[in-house]
Amino acid sequence: MSTDQNILVKLNDAGLQLNNKWLVKGVSLQVEKGKIVTLIGPNGSGKSTTAKIALGIYKKIDGSVEKYTHKVGYVPQKISIDWTLPLRVNDFMVLTESLNKETIDEALSLTGVIHLKDKNLGDLSGGEFQRVLLARAISKKPELLVLDEPVQGVDFTGEIALYELIKKISDELSCGILLISHDLHTVMTATDHVVCLNGHVCCSGSPMDVAKNNEYKALFGEQASQILSRYEHKHDHVHTDEGEIKKN
Amino acid sequence: MFDDFFIRALVAGIGVAFVTGPLGCFVIWRRLSYFGDTLAHSALLGVTLAFTMEFNIALSVFIISSLIALILIQLQKKTNLPGDALLGLLAHSSLAVGLVVIGFLTFIRFDIMGLLFGDILAVSVDDLLIIWIGGALILLTLKFIWKPLFASTVNYELAEAEGLNPDRAKAIFTILMAAIIAISIKMVGLLLITGMLIIPAAMARNLSSSPQSMVIYSIVGGLLSVIIGLFTSLEFNTSSGPSIITAALLLFILSLFKIKQSIKLKN
């Protein structure tokens, strides 16, 4: 198989402008089968926007997106569910695709929330809900998984277990994963390709390349490239509304 | 035992209840009560046009209501007015225009009360066919768009990201809303159609823990309302629409006791 056939989604110089303000600009990246691509960057750097562009949620974008799969699983960063809906975990699992009982149970067991299956979605804690979101995304055995901070609010041991699970899913299903994470330690150990965003692509490459990159050091601090486990960043520049970069 | 007209009304009402049950759930979930009201108010214009041009009432109402829905979508895109203001504007102006047009139609005898509140005497065999065939088509279409519509009701971005085309489902649902108003206008009357959509579904929400069970309770609630309402209407010679809606309200009040119990259990 040539590399081209392995591509699941490809962004070509993609960007999004909202009310004359660039949310993110000039992003080129691709996610291939069995590979994990991670987006890192400070708050407001356009990580979630980039993920949504890749998913095709935004229609009026700059540049282009080529998507080669319809089997997509998505864990959004923020999800607001209207509680006028009577919705149990089990109903939520089959939201976008009909699944049989075994598949549902397996996915819920993998993320450790099988005991919550008949609970109302509104009664879950933040961490429990996050595990259900992840279970739902992986249960349909997608070719492309887009995970926007998938372990937020999950307890410490759970966090490590879920990241191991994500890595395992990527290997077993050979699905491509676009991951957004603040946990630099995970990023550096489990990722094949890192894209560092700050309104535009600061730098990208293998985790080691990125860790050595000066722009990355400037953005996340010297320690981040040495210890790799602490999240810390300094802004060396700000963005004007026109998308220009202004050094501090 | 019963007069033919009453049997016809009963069969018509049962047909309507099967359709308003599931649609009503979506009206509640998607917060579309006022949207339903607006379409229903515009139905008067559809009825008057049907009389002037000697056209089928249900079809004429369906066309006008769909048109109003389209105008609403355009106004939402092109103006800065909030949604509820636009809904009010369209609802009342179309009702007003409809009433003005009726004023001009002096050569036709109009039963305004019947139009506004429903009239069981008015249900003909043709109406029965329209209700049952139209109703079956609405339910089939709803079954077809259920997944994308429900998924986007829960979360639009999830549905869009996972390739379900929620925009198309939403557009089709709007047409279904116009269709249910068109087929049930004679039974319930245009002022009370939204009540038939919302009240049984609201009762169902109090009793159910999953979307499927809410749909089933909503249908059952609608059926009971129609049956109880029509018998009362026959017995006390009241308008059919208000009788049905009052029955629905009583069922809703009963369902509140169930909530009280489950809240007590939780505590």
# chains A, B, ... in the order shown; residues from 1 in each chain; ligands from 1
$ residues_around --residues "Ser48 of chain A" --least-positions-apart "2" --cutoff "8 Å" --atoms "only C-alpha atoms" --output "ChimeraX atom specification"
/A:46,50-52,77,148,180
$ write_last_selection --atoms "N, CA and C atoms" --output "compact mmCIF listing (two decimals), in the first residue's frame"
# COMPACT_ATOMS: atom_id res chain seq x y z
N GLY A 46 -6.09 27.51 18.80
CA GLY A 46 -6.78 26.98 17.62
C GLY A 46 -6.76 25.47 17.49
N THR A 50 -8.97 23.54 14.78
CA THR A 50 -8.32 22.70 13.77
C THR A 50 -8.99 21.33 13.70
N ALA A 51 -9.29 20.77 14.87
CA ALA A 51 -9.95 19.47 14.89
C ALA A 51 -11.31 19.53 14.20
N LYS A 52 -12.06 20.61 14.46
CA LYS A 52 -13.38 20.73 13.84
C LYS A 52 -13.28 20.96 12.34
N GLN A 77 -14.42 18.60 22.97
CA GLN A 77 -13.87 19.15 24.22
C GLN A 77 -15.00 19.55 25.16
N ASP A 148 -10.59 15.37 21.52
CA ASP A 148 -10.27 16.72 21.98
C ASP A 148 -10.22 16.71 23.51
N ILE A 180 -5.88 15.93 20.88
CA ILE A 180 -5.54 17.22 21.47
C ILE A 180 -5.28 16.98 22.94
$ closest_atom_pairs --of "segment 35-71 of chain A" --to "segment 154-160 of chain B" --cutoff "12 Å" --atoms "only C-alpha atoms" --output "JSON lines"
{"residue": "A:Ala51", "atom": "CA", "partner": "B:Glu157", "partner_atom": "CA", "distance": 11.6}
{"residue": "A:Lys52", "atom": "CA", "partner": "B:Glu157", "partner_atom": "CA", "distance": 8.6}
{"residue": "A:Ile53", "atom": "CA", "partner": "B:Glu157", "partner_atom": "CA", "distance": 11.4}
{"residue": "A:Ala54", "atom": "CA", "partner": "B:Glu160", "partner_atom": "CA", "distance": 11.8}
{"residue": "A:Leu55", "atom": "CA", "partner": "B:Glu160", "partner_atom": "CA", "distance": 8.1}
{"residue": "A:Gly56", "atom": "CA", "partner": "B:Glu160", "partner_atom": "CA", "distance": 7.6}
{"residue": "A:Ile57", "atom": "CA", "partner": "B:Glu160", "partner_atom": "CA", "distance": 6.0}
{"residue": "A:Tyr58", "atom": "CA", "partner": "B:Glu160", "partner_atom": "CA", "distance": 9.5}
{"residue": "A:Lys59", "atom": "CA", "partner": "B:Glu160", "partner_atom": "CA", "distance": 10.8}
{"residue": "A:His70", "atom": "CA", "partner": "B:Glu160", "partner_atom": "CA", "distance": 11.1}
$ write_last_selection --atoms "N, CA and C atoms" --output "PDB file, in the first residue's frame"
ATOM      1  N   ALA A  51      -9.294  20.772  14.875  1.00  0.00           N
ATOM      2  CA  ALA A  51      -9.954  19.465  14.894  1.00  0.00           C
ATOM      3  C   ALA A  51     -11.308  19.528  14.196  1.00  0.00           C
ATOM      4  N   LYS A  52     -12.056  20.608  14.455  1.00  0.00           N
ATOM      5  CA  LYS A  52     -13.381  20.733  13.841  1.00  0.00           C
ATOM      6  C   LYS A  52     -13.280  20.957  12.341  1.00  0.00           C
ATOM      7  N   ILE A  53     -12.225  21.648  11.921  1.00  0.00           N
ATOM      8  CA  ILE A  53     -12.009  21.802  10.479  1.00  0.00           C
ATOM      9  C   ILE A  53     -11.771  20.431   9.860  1.00  0.00           C
ATOM     10  N   ALA A  54     -10.934  19.626  10.519  1.00  0.00           N
ATOM     11  CA  ALA A  54     -10.633  18.290  10.001  1.00  0.00           C
ATOM     12  C   ALA A  54     -11.892  17.431   9.935  1.00  0.00           C
ATOM     13  N   LEU A  55     -12.807  17.642  10.873  1.00  0.00           N
ATOM     14  CA  LEU A  55     -14.039  16.849  10.918  1.00  0.00           C
ATOM     15  C   LEU A  55     -15.090  17.328   9.919  1.00  0.00           C
ATOM     16  N   GLY A  56     -14.857  18.513   9.369  1.00  0.00           N
ATOM     17  CA  GLY A  56     -15.834  19.040   8.420  1.00  0.00           C
ATOM     18  C   GLY A  56     -17.012  19.729   9.076  1.00  0.00           C
ATOM     19  N   ILE A  57     -16.858  20.113  10.362  1.00  0.00           N
ATOM     20  CA  ILE A  57     -17.951  20.810  11.044  1.00  0.00           C
ATOM     21  C   ILE A  57     -18.058  22.246  10.528  1.00  0.00           C
ATOM     22  N   TYR A  58     -16.911  22.867  10.284  1.00  0.00           N
ATOM     23  CA  TYR A  58     -16.930  24.218   9.713  1.00  0.00           C
ATOM     24  C   TYR A  58     -16.957  24.128   8.199  1.00  0.00           C
ATOM     25  N   LYS A  59     -17.868  24.869   7.616  1.00  0.00           N
ATOM     26  CA  LYS A  59     -18.013  24.782   6.158  1.00  0.00           C
ATOM     27  C   LYS A  59     -17.214  25.865   5.431  1.00  0.00           C
ATOM     28  N   HIS A  70     -15.522   7.788   6.189  1.00  0.00           N
ATOM     29  CA  HIS A  70     -16.770   8.218   6.813  1.00  0.00           C
ATOM     30  C   HIS A  70     -16.912   7.634   8.208  1.00  0.00           C
TER      31      HIS A  70
END
$ interface_residues --of "chain A" --to "chain B" --cutoff "7 Å" --atoms "only C-alpha atoms" --output "list in words"
Leu55, Gly56, Ile57, His70, Val72, Gly73, Tyr74, Ile81, Asp82, Thr84, Leu85, Pro86, Leu87, Arg88, Leu95 and Thr96 of chain A
$ residues_around --residues "Leu250 of chain B" --least-positions-apart "4" --cutoff "12 Å" --atoms "only C-alpha atoms" --output "ChimeraX atom specification"
/B:199-200,202-203,221-222,224-225,228-229,243-246,254-257
$ write_last_selection --atoms "N, CA and C atoms" --output "compact mmCIF listing (two decimals), in the first residue's frame"
# COMPACT_ATOMS: atom_id res chain seq x y z
N ILE B 199 -48.58 18.68 24.82
CA ILE B 199 -49.05 18.22 26.14
C ILE B 199 -48.87 16.70 26.35
N PRO B 200 -49.28 15.85 25.40
CA PRO B 200 -49.01 14.42 25.62
C PRO B 200 -47.51 14.11 25.72
N ALA B 202 -45.23 16.17 26.87
CA ALA B 202 -44.78 16.66 28.18
C ALA B 202 -45.16 15.68 29.27
N MET B 203 -46.37 15.11 29.14
CA MET B 203 -46.79 14.09 30.09
C MET B 203 -45.83 12.90 30.02
N GLY B 221 -50.64 8.68 25.47
CA GLY B 221 -51.28 9.87 26.04
C GLY B 221 -52.17 10.56 25.02
N GLY B 222 -51.68 10.67 23.78
CA GLY B 222 -52.46 11.31 22.72
C GLY B 222 -53.72 10.53 22.43
N LEU B 224 -55.37 8.44 24.43
CA LEU B 224 -56.32 8.59 25.54
C LEU B 224 -57.00 9.96 25.48
N SER B 225 -56.20 10.99 25.20
CA SER B 225 -56.77 12.35 25.14
C SER B 225 -57.85 12.42 24.07
N ILE B 228 -61.00 10.19 25.24
CA ILE B 228 -61.72 10.85 26.33
C ILE B 228 -62.33 12.16 25.85
N GLY B 229 -61.52 12.94 25.12
CA GLY B 229 -61.97 14.26 24.64
C GLY B 229 -63.19 14.15 23.73
N SER B 243 -61.91 20.00 24.05
CA SER B 243 -62.19 18.82 24.86
C SER B 243 -60.98 17.89 24.88
N ILE B 244 -60.38 17.68 23.70
CA ILE B 244 -59.21 16.80 23.61
C ILE B 244 -58.05 17.37 24.41
N ILE B 245 -57.81 18.68 24.26
CA ILE B 245 -56.67 19.30 24.95
C ILE B 245 -56.89 19.29 26.46
N THR B 246 -58.15 19.49 26.88
CA THR B 246 -58.42 19.44 28.33
C THR B 246 -58.15 18.04 28.88
N LEU B 254 -52.00 14.26 36.12
CA LEU B 254 -51.81 12.96 36.76
C LEU B 254 -50.35 12.53 36.72
N SER B 255 -49.68 12.80 35.59
CA SER B 255 -48.29 12.36 35.45
C SER B 255 -47.37 13.08 36.43
N LEU B 256 -47.80 14.25 36.91
CA LEU B 256 -46.97 14.98 37.87
C LEU B 256 -46.81 14.20 39.17
N PHE B 257 -47.82 13.41 39.53
CA PHE B 257 -47.72 12.62 40.77
C PHE B 257 -46.61 11.60 40.69
$ residues_around --residues "segment 102-112 of chain A" --least-positions-apart "5" --cutoff "9 Å" --atoms "only C-alpha atoms" --output "list of chain:residue names"
A:Asn90, A:Met93, A:Val94, A:Lys117, A:Glu128, A:Arg131, A:Val132, A:Leu134, A:Ala135, A:Arg136, A:Ala137, A:Ile138, A:Ser139, A:Lys140, A:Gly158, A:Ala161, A:Leu162, A:Leu165
$ atom_distance --atom1 "atom CA of Leu176 of chain B" --atom2 "atom CA of Leu86 of chain B"
20.6 Å
